[in-house]
Structure formats: C-alpha cells, structure tokens
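These notes concern the structure reproduced below.
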Amino acid sequence: VMSSSSSSALETEIFQYIDVHQSDFIKDLKEWVAVESDSVQPHLRKEVIRMMALAADKLAVLGATVNLVNLGSHQLPDGQDLPLPPVILGELGKDPQNPTVCFYGHVDVQPAKKEDGWKTDPYTLTEINGNLYGRGATDNKGPVLAWINAVETFRALKLAMPVNFKFVIEGMEEAGSLGLEKLLQEESQCFFCDVDYIVISDNLWLSNKKPALTYGSRGNACFSVEVECGDKDLHSGTFGGIIHEPMTDLIALLDSLVDPTGRIQIPGIYDSIAALTEEEKKLYESIEFDLEEHKNNSGVKKFLYGTKEEILLHLWRYPSLSIHGIEGAFHEPGIKTVIPAKVIGKFSIRQVPHMDLTVVKQQVVEHLEGVFSKRNSPNKLKVSMPLGAKPWLADINDPLYKAARRATKTVFGEDPDFIRDGSTIPVARMFQTITQKSVMMFPIGAADDGEHSQNEKISRHNYIEGTKVFAAFFLEISKLH
C-alpha cells in the first residue's frame with residue numbers, strides 16, 4: 001500500500017496530465033457526439049452500430065481485449081426485423097493481486113433535431129461559456145469517455161494499473177436495453193466471475209455544483225384498470241340516465257387511489273416500507289438542494305411539502321401514486337355526447353425497498369374490487385399490472401462508496417451528497433440481481449445538464465474533473481485491497 005505522500009505525488013502527476021490533455025479529451029467527445037447514434041429511430045440503427053465500432057476501437061487502442069457480442073435482431077411493431085447493436089464486453093489487466101472494477105455505460109442517445117429548439121446543432125459539440133453542448137454529452141458519451149480517459153492517463157504515464165478493468169458498453173439503453181439482461185445472465189459465471197465492483201455513471205448530481213453518489217432508486221409498478229359495459233359506444237340522449245356508465249365507475253375508482261395530500265389510499269401499502277433510521281435521516285440534512293429552483297423547473301406554484309427533507313423523502317424514500325391517463329375516453333376538442341363502452345385508466349406506483357411487487361399488486365386489486373363492489377355496477381372490471389420494475393438500494397458503507405467518497409473529496413475538495421433517485425434505474429437493479437456484486441452509481445454530470453432535453457450539455461469542468469475523480473477512484477479502490 002502506498003504511503004499518503006507518495007500517493008498524493010502520484011495523484012498530482014495524474015491530474016496534471018489530465019489538465020494538459022483537456023483539448024484531446026474534448027476532441028474525442030466531439031467525435032463521439034458527431035455520430036447520430038439514436039437507438040429509438042429505426043433509420044439511424046446503422047449509426048448506433050457504427051458508434052459501437054468506434055467505442056470498441058477506442059478500448060482496443062488502450063490495449064483492452066474487446067468482444068463485440070452479437071445480440072441478433074428485434075422486430076418492430078410494423079413487422080420489420082432490425083439488427084440489435086452488439087454489446088461491448090472489454091477487459092484490460094488480469095493481475096490476480098488487483099481488484100476488478102467493471103464499468104457500465106451506453107453510447108446510444110435520445111432523438112434530437114435542431115428545430116426542436118436547440119441553440120446549436122445537436123450533433124456538433126459546441127463550447128459556450130464553459131459548457132459543452134451536444135446530444136449525448138452527459139447522457140452518456142461524456143461519462144463513458146471520462147472513464148476511458150482516466151484509464152488512458154495511467155497508460156500514457158506508464159503507471160502500473162491499480163485495478164483490473166472490465167467494460168460493458170451497450171447501444172440500446174434509450175430503447176430499453178434490449179438483449180442486455182439475457183447477456184448478463186449468460187455471462188454471470190464467465191465474464192463477471194472475477195468482477196469485484198460494478199460502477200454505473202449514467203445519472204446526474206442533485207445540484208449544479210456539489211458532487212453526489214447515488215445509492216438507490218424507486219421501482220415502478222404500472223397498472224391498468226378497465227371498466228366495460230358492452231361492445232359499443234352509446235348516445236347519451238338515448239341511454240344517458242338509465243345505465244351504469246363505465247366512465248363514472250372508472251373515475252370513482254381512480255379517485256379512490258390517492259388523497260389530496262398525496263397519500264396513497266390503498267390499505268396496507270405502507271406496511272412493509274423500511275423504517276427511517278437516524279443515520280439515514282442525517283444524510284438528508286447536509287444535502288444541497290434548491291427547493292425554489294426545483295419548483296421553477298417544474299413550473300408549479302406549490303409543492304405538497306415545504307421543507308427540503310420532506311420533499312426528498314417523498315421523492316426517494318416513500319412510494320407515490322400517479323394517474324397517467326384514460327384510454328377509450330373522448331379527448332378531442334369540441335363536444336361529442338358519447339358514452340364510451342369501455343375505458344381503461346392507467347396509473348403507476350413508484351415503490352421502495354421492502355415493498356413486494358406481488359403483494360402490491362394484490363393490495364391494488366383488492367382495493368379496486370372493494371370500491372367497485374360498493375357501487376353495485378353490472379359492468380365488468382379488469383385490473384392488471386403490465387409492468388413491474390423493482391427498486392434498487394445499495395449500502396453507503398460499502399467499500400466501493402467509501403473509495404468514491406475519498407476520491408470525490410480529493411478532486412472536488414468536499415464530501416459528496418449521498419442521494420437516491422425518484423425514478424427507476426433498471427440497469428443498477430439488473431446488475432445487482434444477476435451478478436450479486438456491489439453496484440454503485442457514480443455520476444459526474446450536473447443537475448442542469450438537461451439529459452433527454454434540448455441543449456443537453458456537460459460542462460468542461462465536470463468532464464475534466466470527472467476524468468480526475470475516476471482516476472483517483474482507481475487508486476482508492478486499489479488501497480482497499
């Protein structure tokens with residue numbers, strides 16, 4: 001193990017190299033952003049495949065062995081077959097004395113067009129006031145390159161690699177990571193057998209300035225509730241007032257789900273939620289979070305809660321229920337006096353650790369059936385859960401988080417916030433479940449990067465300091481062993 005003075009001299013040398021080579025690192029990002037690797041639109045699939053080849057070359061130049069795994073094809077709704085981009089499985093270093101860190105990232109992007117309201121061309125990386133604008137700059141090409149840049153720095157300085165590296169890089173994340181889960185299962189005993197840690201850098205800090213580490217995300221259970229009275233729509237002049245209307249039933253059912261304070265009204269839903277510990281409560285006090293800014297971003301006048309702690313607890317720590325829409329209802333402008341024969345309400349529950357999906361489904365079904373039976377309606381009720389994604393939670397006392405925390409302190413001069421995500425991050429849960437290894441989310445993008453939005457960017461500062469923090473993290477991980 002290195003003494004702290006020799007390790008800080010080494011860090012200084014590494015950081016200096018990264019500073020001096022900033023423009024090279026930005027040039028690489030410019031080259032990657034220029035590829036329209038949009039995995040959502042079929043006509044751009046060949047660009048995604050070209051992007052996978054570019055990323056594979058970049059790893060090969062580092063000296064990594066790269067396996068481009070063919071996943072075959074998938075069928076589009078219109079029946080045509082489209083090739084899936086391959087997944088990169090790469091490895092660099094096989095020293096049995098060293099820990100092995102596996103990095104996951106993706107190089108496909110969300111759709112973007114200049115006319116959607118971009119100030120600059122989305123596929124030309126453009127620097128304005130220290131921000132690097134371009135589709136994929138923060139989600140996820142910038143972070144993938146920052147990790148590769150950090151590895152490259154050790155090689156360029158002819159330093160011994162502090163850890164063994166593995167890479168999983170995909171090109172279908174924005175389209176639901178098609179084929180990834182099956183591949184991870186097939187490789188769980190092979191590629192992943194000697195992996196100690198998995199790092200995902202595909203999310204953002206909570207603040208624009210203060211670094212963060214993410215240790216949890218909510219799951220999501222999507223429900224549909226269908227009420228049907230017959231096989232055809234009816235006229236309200238001819239039948240209004242003499243039948244049980246499906247829409248009236250449905251609105252009563254949806255109205256029974258959540259009260260005006262946001263509390264879910266389904267009996268038993270809060271029973272299995274993990275109790276809030278003192279240690280966990282403390283984490284919320286130091287978090288940097290601008291309530292007013294979050295309110296401005298949302299465009300709403302008032303939140304359900306008034307304090308930072310309450311807002312974050314209800315975004316991360318407690319379940320929520322949202323009603324998303326009604327299928328089969330008349331929604332065009334103007335008037336149409338129709339009684340729809342069948343309507344389907346759609347809602348979802350963001351669930352948190354210790355809630356069991358099968359139990360949640362049962363609670364929802366029993367609640368809705370109970371409400372419906374009290375209405376004495378002859379209509380048919382069907383409740384289903386077409387999609388259920390589980391929450392993910394890691395232990396912040398895990399060595400992986402300790403190493404990342406120390407690296408953050410070294411590079412940014414402050415401890416990171418420990419944050420959770422209110423949305424669902426299937427890939428973190430997928431890696432943890434399939435490989436049974438420690439998984440950490442280690443973001444380098446800031447809260448205002450605008451992933452998926454117009455004018456997506458990563459700041460030069462975050463991209464370059466992010467490269468440093470990954471390099472420092474490699475050293476910290478090696479010290480643990």
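Residue names in the structure tokens use chain letters A, B, ... in the order shown, residue numbers from 1 in each chain, and ligand numbers from 1 in the order shown.
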List every residue of region 146-263 of chain A that has an atom at most 9 Å from any atom of region 392-395 of chain A, and for each one report the closest atom pair and its distance in Å to one decimal, counting only C-alpha atoms, with rows sorted by chain and then by increasing residue number, as a Markdown table.
| residue | atom | partner | partner_atom | distance |
| --- | --- | --- | --- | --- |
| A:Thr214 | CA | A:Ala394 | CA | 8.6 |
| A:Tyr215 | CA | A:Ala394 | CA | 5.0 |
| A:Gly216 | CA | A:Leu393 | CA | 4.1 |
| A:Ser217 | CA | A:Trp392 | CA | 5.2 |
| A:Arg218 | CA | A:Trp392 | CA | 6.6 |
| A:Gly219 | CA | A:Trp392 | CA | 7.2 |
Counting only C-alpha atoms, what are the residues of region 190-305 of chain A within 8 Å of region 122-146 of chain A, and for each of them which pair of atoms is the nearest and at what distance in Å, to one decimal? Sort the table by chain and rising number, as a tab-separated table.
residue	atom	partner	partner_atom	distance
A:Ser201	CA	A:Pro143	CA	6.2
A:Asp202	CA	A:Asn140	CA	6.0
A:Asn203	CA	A:Asp139	CA	7.6
Mind dumping a table of every region 347-373 of chain A residue within 10 Å of region 304-317 of chain A, with the nearest atom pair and its distance in Å to one decimal, using only C-alpha atoms, sorted by chain and rising number, as a Markdown table?
| residue | atom | partner | partner_atom | distance |
| --- | --- | --- | --- | --- |
| A:Arg350 | CA | A:Trp316 | CA | 9.3 |
| A:Gln351 | CA | A:Arg317 | CA | 8.9 |
| A:Val352 | CA | A:Arg317 | CA | 6.5 |
| A:Pro353 | CA | A:Arg317 | CA | 8.4 |
Print the selection's residues with C-alpha atoms to a file, as a compact mmCIF listing (two decimals), in the first residue's frame.
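The resulting file, out_11.txt, is reproduced below:
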# COMPACT_ATOMS: atom_id res chain seq x y z
CA ARG A 350 -43.25 4.08 -7.58
CA GLN A 351 -42.31 1.54 -4.97
CA VAL A 352 -39.47 1.48 -2.45
CA PRO A 353 -37.38 -1.21 -0.72
For CA of Pro86 (chain A) and CA of Asp121 (chain A), quote the distance in Å rounded to one decimal.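 Answer for the CA of Pro86 (chain A) to CA of Asp121 (chain A) separation: 27.6 Å.
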Strand (DSSP E or B) per DSSP on the backbone: members of region 98-299 of chain A, as a PyMOL selection string: chain A and resi 100-106+109+126-128+131-133+164-170+197-200+204+212-217+220-228+234-235+258+264
Pull the helix (DSSP H, G or I) assignments for region 204-419 of chain A out of DSSP run on the backbone, and list those residues as number ranges by chain. A: 236-239, 246-255, 278-285, 291-298, 308-317, 357-374, 399-412
Write out as a PyMOL selection string which residues come within 10 Å of Leu387 (chain A) when counting only C-alpha atoms, dropping same-chain ones fewer than 3 positions away. chain A and resi 220-224+348+384
Residues from last step as file, N, CA, C and O atoms, as a PDB file, in the first residue's frame:
ATOM      1  N   ASN A 220     -41.026   0.734 -10.164  1.00  0.00           N
ATOM      2  CA  ASN A 220     -42.272   1.236 -10.724  1.00  0.00           C
ATOM      3  C   ASN A 220     -43.195   0.081 -11.080  1.00  0.00           C
ATOM      4  O   ASN A 220     -42.795  -0.825 -11.793  1.00  0.00           O
ATOM      5  N   ALA A 221     -44.412   0.133 -10.558  1.00  0.00           N
ATOM      6  CA  ALA A 221     -45.416  -0.862 -10.920  1.00  0.00           C
ATOM      7  C   ALA A 221     -46.513  -0.145 -11.691  1.00  0.00           C
ATOM      8  O   ALA A 221     -47.128   0.782 -11.169  1.00  0.00           O
ATOM      9  N   CYS A 222     -46.712  -0.547 -12.949  1.00  0.00           N
ATOM     10  CA  CYS A 222     -47.701   0.120 -13.801  1.00  0.00           C
ATOM     11  C   CYS A 222     -48.981  -0.704 -13.851  1.00  0.00           C
ATOM     12  O   CYS A 222     -48.936  -1.912 -14.095  1.00  0.00           O
ATOM     13  N   PHE A 223     -50.111  -0.032 -13.627  1.00  0.00           N
ATOM     14  CA  PHE A 223     -51.403  -0.714 -13.580  1.00  0.00           C
ATOM     15  C   PHE A 223     -52.348  -0.221 -14.657  1.00  0.00           C
ATOM     16  O   PHE A 223     -52.290   0.946 -15.053  1.00  0.00           O
ATOM     17  N   SER A 224     -53.231  -1.112 -15.092  1.00  0.00           N
ATOM     18  CA  SER A 224     -54.349  -0.629 -15.894  1.00  0.00           C
ATOM     19  C   SER A 224     -55.634  -1.195 -15.310  1.00  0.00           C
ATOM     20  O   SER A 224     -55.678  -2.352 -14.883  1.00  0.00           O
ATOM     21  N   SER A 348     -49.561   4.417 -11.988  1.00  0.00           N
ATOM     22  CA  SER A 348     -48.401   3.639 -11.555  1.00  0.00           C
ATOM     23  C   SER A 348     -48.041   3.989 -10.124  1.00  0.00           C
ATOM     24  O   SER A 348     -48.350   5.080  -9.630  1.00  0.00           O
ATOM     25  N   SER A 384     -55.035  -5.062 -14.114  1.00  0.00           N
ATOM     26  CA  SER A 384     -53.807  -5.810 -14.420  1.00  0.00           C
ATOM     27  C   SER A 384     -52.576  -4.936 -14.171  1.00  0.00           C
ATOM     28  O   SER A 384     -52.673  -3.710 -14.068  1.00  0.00           O
TER      29      SER A 384
END
List as CSV every residue of region 308-385 of chain A that is in contact with region 259-271 of chain A, defined as an atom at most 10 Å from one of its atoms (using only C-alpha atoms), together with the nearest atom pair and the distance in Å rounded to one decimal, sorted by chain and then rising number.
residue,atom,partner,partner_atom,distance
A:His314,CA,A:Gly262,CA,9.5
A:Tyr318,CA,A:Tyr270,CA,8.4
A:Pro319,CA,A:Tyr270,CA,8.0
A:Ser320,CA,A:Ile264,CA,7.0
A:Leu321,CA,A:Ile264,CA,6.5
A:Ser322,CA,A:Gly262,CA,9.2
A:Ile349,CA,A:Ile264,CA,9.2
A:Gln351,CA,A:Ile269,CA,9.5
A:Val352,CA,A:Tyr270,CA,9.8
A:His354,CA,A:Asp271,CA,9.4
A:Met355,CA,A:Ile269,CA,8.0
A:Asp356,CA,A:Ile269,CA,9.8
A:Val359,CA,A:Ile269,CA,8.7
A:Val360,CA,A:Ile269,CA,6.8
A:Lys361,CA,A:Ile269,CA,10.0
A:Gln363,CA,A:Ile266,CA,6.8
A:Val364,CA,A:Ile266,CA,6.5
A:Val365,CA,A:Ile266,CA,9.6
A:Glu366,CA,A:Ile266,CA,8.9
A:His367,CA,A:Ile266,CA,6.1
A:Leu368,CA,A:Ile266,CA,8.6
Once you have the residues from the selection above, write them out as a PDB file, in the first residue's frame, restricted to C-alpha atoms.
ATOM      1  CA  HIS A 314     -41.216  11.772  -0.592  1.00  0.00           C
ATOM      2  CA  TYR A 318     -41.647   6.777   0.141  1.00  0.00           C
ATOM      3  CA  PRO A 319     -43.888   5.351  -2.550  1.00  0.00           C
ATOM      4  CA  SER A 320     -46.004   7.603  -4.748  1.00  0.00           C
ATOM      5  CA  LEU A 321     -49.005   7.001  -6.975  1.00  0.00           C
ATOM      6  CA  SER A 322     -49.582   8.903 -10.218  1.00  0.00           C
ATOM      7  CA  ILE A 349     -46.904   3.228  -8.105  1.00  0.00           C
ATOM      8  CA  GLN A 351     -42.309   1.540  -4.967  1.00  0.00           C
ATOM      9  CA  VAL A 352     -39.466   1.484  -2.449  1.00  0.00           C
ATOM     10  CA  HIS A 354     -39.179  -3.982   1.151  1.00  0.00           C
ATOM     11  CA  MET A 355     -42.403  -3.487  -0.810  1.00  0.00           C
ATOM     12  CA  ASP A 356     -43.098  -6.746  -2.627  1.00  0.00           C
ATOM     13  CA  VAL A 359     -48.172  -8.043  -2.549  1.00  0.00           C
ATOM     14  CA  VAL A 360     -48.574  -4.553  -4.047  1.00  0.00           C
ATOM     15  CA  LYS A 361     -50.488  -5.991  -6.980  1.00  0.00           C
ATOM     16  CA  GLN A 363     -53.406  -4.850  -2.461  1.00  0.00           C
ATOM     17  CA  VAL A 364     -54.304  -2.773  -5.534  1.00  0.00           C
ATOM     18  CA  VAL A 365     -56.632  -5.422  -6.962  1.00  0.00           C
ATOM     19  CA  GLU A 366     -58.407  -5.998  -3.615  1.00  0.00           C
ATOM     20  CA  HIS A 367     -58.816  -2.255  -3.034  1.00  0.00           C
ATOM     21  CA  LEU A 368     -60.263  -1.553  -6.501  1.00  0.00           C
TER      22      LEU A 368
END
